[in-house]
Amino acid sequence: MADYQEILVTENPLEVEKAYAHAQAGNTGAVNIFVGTVRNKTDTRNVVNLEYEAYEGMAIKEMRKIAEEAASKWPVEKIIIHHRVGKLRVGEATVVIAVSTPHRHDSFEACRYIIDTLKKSVPIWKKEVFEDGEEWVSAHP
Amino acid sequence: MKLSVLLFGIARDIVGDRQISVDLPENENVAGLLNYLKKEYPSFNDLQSLLVAVNDTYAKSEHVLQENDEIALIPPVSGG
């Protein structure tokens, strides 16, 4: 695995500080960090918690591919992608992405590319548990 | 040939198991597997999408399956 990448799927709470520290590199002038968190509402329904499940081996492989694509498009120093799985409460971090580059524009663009692509292709699923039922997100048209 | 198929998310809920074994003709492809599963479990037809991964990689419809492949059904993803 390329050492500019750090990809992790974990049941443990995510630590933004750790991702930030790991994103530091010699030629870094900007670190862009995206944190996805658990919302308390979807439309008008109150969310109790989210349950994330991953096809872990493939999820890691897909995230590596996305990091490679980002590294081919922008001059990145480091790409950190930490994704949480298991049962999460409102307000907890679901994903932390940190991208370091020499200049800020590239870090914004690369970080946005990574989260947008991750949402489309990485085999991870979330179930929203509401006060009045539960639902796999995006499963049905 | 006997294929083992891993199930996640809503696909696991529809089938009621984490893994199923299916018996298909030799040289069956991904499209054939999906047709079989959609007949067997009609609720799959209601999903936004249903893809197949073979050995950790998204596979095209015409991809031919083999007995020792690691096969997984990929319902609409919702990570992040």
# chains A, B, ... in the order shown; residues from 1 in each chain; ligands from 1

call {"tool": "interface_residues", "arguments": {"of": "chain A", "to": "chain B", "cutoff": "12 Å", "atoms": "only C-alpha atoms", "output": "ChimeraX atom specification"}}
result
/A:9,34-38,50-63,65,81-86,93-97,112,114-128,134-141

call {"tool": "residues_around", "arguments": {"residues": "Asp23 (chain B)", "least_positions_apart": "5", "cutoff": "7 Å", "atoms": "only C-alpha atoms", "output": "count of residues only"}}
result
3

call {"tool": "atom_distance", "arguments": {"atom1": "CA of Glu6 (chain A)", "atom2": "CA of Pro75 (chain A)"}}
result
16.4 Å

call {"tool": "select_by_dssp", "arguments": {"residues": "chain A", "states": "strand (DSSP E or B)", "output": "ChimeraX atom specification"}}
result
/A:5-10,30-37,41-42,45-54,78-84,86-89,93-101,124-130,133-136

call {"tool": "write_last_selection", "arguments": {"atoms": "C-alpha atoms", "output": "PDB file, in the first residue's frame"}}
result
ATOM      1  CA  GLN A   5      -2.560   6.837   2.281  1.00  0.00           C
ATOM      2  CA  GLU A   6      -4.039   5.816   5.602  1.00  0.00           C
ATOM      3  CA  ILE A   7      -7.342   3.984   5.207  1.00  0.00           C
ATOM      4  CA  LEU A   8      -9.219   2.600   8.176  1.00  0.00           C
ATOM      5  CA  VAL A   9     -12.612   1.037   8.925  1.00  0.00           C
ATOM      6  CA  THR A  10     -13.213   0.838  12.658  1.00  0.00           C
ATOM      7  CA  ALA A  30      -2.785  23.114   3.860  1.00  0.00           C
ATOM      8  CA  VAL A  31      -4.731  20.336   5.560  1.00  0.00           C
ATOM      9  CA  ASN A  32      -8.388  20.050   4.618  1.00  0.00           C
ATOM     10  CA  ILE A  33     -10.517  17.971   6.978  1.00  0.00           C
ATOM     11  CA  PHE A  34     -14.036  16.753   6.339  1.00  0.00           C
ATOM     12  CA  VAL A  35     -16.038  15.224   9.167  1.00  0.00           C
ATOM     13  CA  GLY A  36     -19.362  13.524   8.488  1.00  0.00           C
ATOM     14  CA  THR A  37     -21.618  13.371  11.549  1.00  0.00           C
ATOM     15  CA  LYS A  41     -33.428  14.447  11.882  1.00  0.00           C
ATOM     16  CA  THR A  42     -34.186  13.151   8.406  1.00  0.00           C
ATOM     17  CA  ARG A  45     -38.448  12.147  11.673  1.00  0.00           C
ATOM     18  CA  ASN A  46     -36.267  12.104  14.774  1.00  0.00           C
ATOM     19  CA  VAL A  47     -33.178   9.905  14.448  1.00  0.00           C
ATOM     20  CA  VAL A  48     -32.296   7.797  17.492  1.00  0.00           C
ATOM     21  CA  ASN A  49     -29.073   6.364  16.060  1.00  0.00           C
ATOM     22  CA  LEU A  50     -27.414   5.095  12.883  1.00  0.00           C
ATOM     23  CA  GLU A  51     -26.108   1.620  12.263  1.00  0.00           C
ATOM     24  CA  TYR A  52     -23.244   1.324   9.775  1.00  0.00           C
ATOM     25  CA  GLU A  53     -22.160  -1.888   8.150  1.00  0.00           C
ATOM     26  CA  ALA A  54     -19.252  -2.420   5.755  1.00  0.00           C
ATOM     27  CA  LYS A  78      -1.201  12.581   2.532  1.00  0.00           C
ATOM     28  CA  ILE A  79      -4.733  11.207   2.369  1.00  0.00           C
ATOM     29  CA  ILE A  80      -6.353   9.926   5.546  1.00  0.00           C
ATOM     30  CA  ILE A  81      -9.765   8.219   5.373  1.00  0.00           C
ATOM     31  CA  HIS A  82     -11.199   6.843   8.612  1.00  0.00           C
ATOM     32  CA  HIS A  83     -14.721   5.380   8.449  1.00  0.00           C
ATOM     33  CA  ARG A  84     -16.683   4.284  11.481  1.00  0.00           C
ATOM     34  CA  GLY A  86     -21.387  -0.119  14.135  1.00  0.00           C
ATOM     35  CA  LYS A  87     -23.969   1.764  16.153  1.00  0.00           C
ATOM     36  CA  LEU A  88     -23.525   5.562  16.245  1.00  0.00           C
ATOM     37  CA  ARG A  89     -25.349   8.190  18.260  1.00  0.00           C
ATOM     38  CA  ALA A  93     -18.356  11.342  13.596  1.00  0.00           C
ATOM     39  CA  THR A  94     -19.107   8.792  10.886  1.00  0.00           C
ATOM     40  CA  VAL A  95     -16.179   9.568   8.601  1.00  0.00           C
ATOM     41  CA  VAL A  96     -13.059  11.709   8.826  1.00  0.00           C
ATOM     42  CA  ILE A  97     -11.114  12.620   5.696  1.00  0.00           C
ATOM     43  CA  ALA A  98      -7.917  14.644   5.895  1.00  0.00           C
ATOM     44  CA  VAL A  99      -5.995  15.729   2.814  1.00  0.00           C
ATOM     45  CA  SER A 100      -2.730  17.625   2.884  1.00  0.00           C
ATOM     46  CA  THR A 101      -1.305  19.498  -0.085  1.00  0.00           C
ATOM     47  CA  ILE A 124     -20.811   0.722   3.332  1.00  0.00           C
ATOM     48  CA  TRP A 125     -24.452   0.911   4.364  1.00  0.00           C
ATOM     49  CA  LYS A 126     -26.295   2.894   6.996  1.00  0.00           C
ATOM     50  CA  LYS A 127     -29.593   2.184   8.613  1.00  0.00           C
ATOM     51  CA  GLU A 128     -31.426   5.069  10.227  1.00  0.00           C
ATOM     52  CA  VAL A 129     -33.202   4.085  13.397  1.00  0.00           C
ATOM     53  CA  PHE A 130     -36.066   6.472  14.086  1.00  0.00           C
ATOM     54  CA  GLY A 133     -39.170   2.596  12.778  1.00  0.00           C
ATOM     55  CA  GLU A 134     -35.989   2.010  10.817  1.00  0.00           C
ATOM     56  CA  GLU A 135     -34.811   2.285   7.210  1.00  0.00           C
ATOM     57  CA  TRP A 136     -31.736   1.464   5.092  1.00  0.00           C
TER      58      TRP A 136
END

call {"tool": "atom_distance", "arguments": {"atom1": "CA of Asn12 (chain A)", "atom2": "CA of Gly26 (chain A)"}}
result
28.9 Å

call {"tool": "residues_around", "arguments": {"residues": "Glu26 (chain B)", "least_positions_apart": "3", "cutoff": "9 Å", "atoms": "only C-alpha atoms", "output": "list of chain:residue names"}}
result
B:Met1, B:Leu65, B:Gln66, B:Glu67

call {"tool": "write_last_selection", "arguments": {"atoms": "N, CA and C atoms", "output": "JSON list (two decimals), in the first residue's frame"}}
result
[["chain", "number", "residue", "atom", "x", "y", "z"],
["B", 1, "MET", "N", -23.06, -25.46, -10.76],
["B", 1, "MET", "CA", -22.03, -25.11, -9.78],
["B", 1, "MET", "C", -22.69, -24.42, -8.58],
["B", 65, "LEU", "N", -18.95, -16.27, -13.70],
["B", 65, "LEU", "CA", -18.66, -16.63, -12.30],
["B", 65, "LEU", "C", -18.03, -18.01, -12.19],
["B", 66, "GLN", "N", -17.24, -18.16, -11.15],
["B", 66, "GLN", "CA", -16.61, -19.46, -10.87],
["B", 66, "GLN", "C", -16.86, -19.86, -9.44],
["B", 67, "GLU", "N", -16.81, -21.18, -9.21],
["B", 67, "GLU", "CA", -17.24, -21.71, -7.93],
["B", 67, "GLU", "C", -16.47, -21.15, -6.73]]

call {"tool": "residues_around", "arguments": {"residues": "region 60-64 of chain B", "least_positions_apart": "2", "cutoff": "7 Å", "atoms": "only C-alpha atoms", "output": "list of chain:residue names"}}
result
B:Asn27, B:Glu28, B:Asn29, B:Val30, B:Ala31, B:Tyr58, B:Gln66

call {"tool": "atom_distance", "arguments": {"atom1": "CA of Asp3 (chain A)", "atom2": "CA of Glu68 (chain A)"}}
result
11.2 Å
